[in-house]
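Text of run33.tsv, listed as TSV, C-alpha atoms:
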chain	number	residue	atom	x	y	z
A	1	MET	CA	-8.12	-20.69	3.91
A	2	LEU	CA	-8.99	-19.40	7.33
A	3	GLU	CA	-11.78	-16.87	7.50
A	4	THR	CA	-10.22	-13.85	9.18
A	5	ASP	CA	-10.58	-10.07	9.16
A	6	GLN	CA	-7.60	-9.80	6.80
A	7	LYS	CA	-8.38	-9.36	3.11
A	8	LEU	CA	-5.64	-11.82	2.08
A	9	ALA	CA	-4.80	-15.24	3.47
A	10	GLY	CA	-1.05	-14.68	3.43
A	11	ILE	CA	1.92	-12.53	2.56
A	12	ASP	CA	3.86	-12.44	-0.68
A	13	SER	CA	6.72	-10.46	-2.16
A	14	TYR	CA	4.32	-8.42	-4.33
A	15	ASN	CA	3.00	-6.63	-1.23
A	16	PRO	CA	4.55	-3.13	-1.39
A	17	ASP	CA	4.08	-2.71	2.39
A	18	LEU	CA	6.17	-5.79	3.29
A	19	LYS	CA	9.09	-4.60	5.41
A	20	PRO	CA	12.54	-6.25	5.29
A	21	ASN	CA	14.84	-6.57	8.28
A	22	ALA	CA	18.08	-4.56	8.32
A	23	ASP	CA	20.01	-7.57	6.91
A	24	GLY	CA	17.59	-7.98	3.96
A	25	SER	CA	15.75	-10.98	5.44
A	26	TYR	CA	12.06	-10.92	6.28
A	27	THR	CA	10.22	-11.82	9.47
A	28	VAL	CA	6.62	-12.96	9.09
A	29	TRP	CA	4.44	-12.88	12.20
A	30	PHE	CA	1.57	-15.35	12.75
A	31	GLY	CA	-1.04	-14.89	15.46
A	32	PRO	CA	-4.54	-13.70	16.33
A	33	ARG	CA	-3.34	-10.11	16.83
A	34	SER	CA	-0.69	-8.12	15.03
A	35	PRO	CA	2.45	-7.25	16.98
A	36	GLU	CA	2.65	-3.46	17.18
A	37	GLY	CA	4.73	-2.08	14.33
A	38	HIS	CA	4.66	-5.33	12.33
A	39	GLU	CA	1.19	-5.12	10.79
A	40	SER	CA	2.41	-5.42	7.19
A	41	ASN	CA	4.38	-8.62	7.96
A	42	TRP	CA	1.56	-10.32	9.89
A	43	VAL	CA	-0.76	-13.20	8.99
A	44	GLN	CA	-3.84	-13.49	11.18
A	45	THR	CA	-4.65	-16.88	12.72
A	46	MET	CA	-7.75	-17.94	14.60
A	47	PRO	CA	-7.46	-19.33	18.14
A	48	GLY	CA	-8.33	-23.02	18.22
A	49	LYS	CA	-8.00	-23.45	14.44
A	50	GLY	CA	-5.08	-25.04	12.61
A	51	TRP	CA	-3.21	-23.38	9.77
A	52	ASN	CA	-0.59	-24.31	7.17
A	53	THR	CA	2.34	-22.56	5.59
A	54	LEU	CA	3.55	-22.70	2.02
A	55	LEU	CA	6.86	-21.39	0.72
A	56	ARG	CA	7.01	-20.90	-3.02
A	57	LEU	CA	10.37	-20.12	-4.60
A	58	HIS	CA	10.47	-18.82	-8.16
A	59	GLY	CA	13.84	-19.48	-9.75
A	60	PRO	CA	15.67	-20.63	-6.61
A	61	LEU	CA	19.44	-20.35	-6.65
A	62	GLU	CA	22.02	-23.12	-6.21
A	63	PRO	CA	22.08	-22.92	-2.37
A	64	TRP	CA	18.49	-24.19	-2.37
A	65	PHE	CA	19.37	-27.18	-4.55
A	66	ASP	CA	22.62	-28.09	-2.81
A	67	GLY	CA	20.99	-27.80	0.63
A	68	SER	CA	23.24	-25.04	1.96
A	69	TRP	CA	20.23	-22.73	2.44
A	70	LYS	CA	16.89	-23.53	4.01
A	71	PRO	CA	14.21	-21.34	5.54
A	72	GLY	CA	14.45	-20.85	9.28
A	73	ASP	CA	12.24	-22.72	11.70
A	74	PHE	CA	9.25	-21.11	13.34
A	75	GLU	CA	10.10	-19.47	16.67
A	76	LEU	CA	7.65	-18.75	19.44
A	77	VAL	CA	7.72	-15.08	20.46
A	78	GLU	CA	6.00	-14.00	23.65
Would you mind giving the structure from this file in structure tokens?
Amino acid sequence: MLETDQKLAGIDSYNPDLKPNADGSYTVWFGPRSPEGHESNWVQTMPGKGWNTLLRLHGPLEPWFDGSWKPGDFELVE
């Protein structure tokens, strides 16, 4: 785990402050600084250090198994 100023190394669905998008999906932001207004959906990274992601699904539904659903790719936001 990266040593950062955040108390936790990631985001999970148990976080009561996690904010969904209007369509019910979630956007998670990764970067050294939080985008304004998205602090509860942000994971701090350290410049010059690598990081990994992990997606854990508890009780996934059929679309996961038949391949009709997959998580979206990371998108660079500037």
- Contacts of A:Lys19 at 12 Å or less, counting all atoms listed in the file, minus same-chain residues fewer than 6 places along, as a ChimeraX atom specification? /A:11-13,25-29,37-42
- Message: as a list in words, please: the residues near A:Arg33 (cut-off 9 Å, all atoms listed in the file, same-chain neighbours under 6 positions excluded).
- Response: Trp42, Val43, Gln44 and Thr45 of chain A
- Measure the distance from atom CA of A:Met46 to atom CA of A:Asp73 in Å and round it to one decimal.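 These atoms are spaced 20.8 Å apart.
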- Message: Taking all atoms listed in the file into account, name the residue in A:Trp64, A:Trp69, A:Phe30, A:Phe74 that is nearest to A:Gly50.
- Response: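 The answer is A:Phe30, which sits nearest to A:Gly50.
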- Item | Distance in Å - atom CA of A:Pro63 versus atom CA of A:Asn21 | 20.8 Å
- Task: Measure the distance from atom CA of A:Gly72 to atom CA of A:Thr53 in Å and round it to one decimal.
- Result: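 Calculated distance between atom CA of A:Gly72 and atom CA of A:Thr53 is 12.8 Å.
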To box stretch 3-17 of chain A, take all atoms listed in the file, fit an axis-aligned box, add 5 Å on each side, and give centre and edge lengths in Å to one decimal, as JSON.
{"center_x": -2.5, "center_y": -9.8, "center_z": 2.4, "size_x": 28.5, "size_y": 24.2, "size_z": 23.5}
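With only C-alpha atoms as the atoms that count, the residue of A:Gly10, A:Pro20, A:Pro71, A:Pro35 with the shortest distance to A:Leu57 is A:Pro71.
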- Which of A:Leu55, A:Asp66, A:Gly31, A:Leu18 sits closest to A:Thr4 [using all atoms listed in the file]: A:Gly31
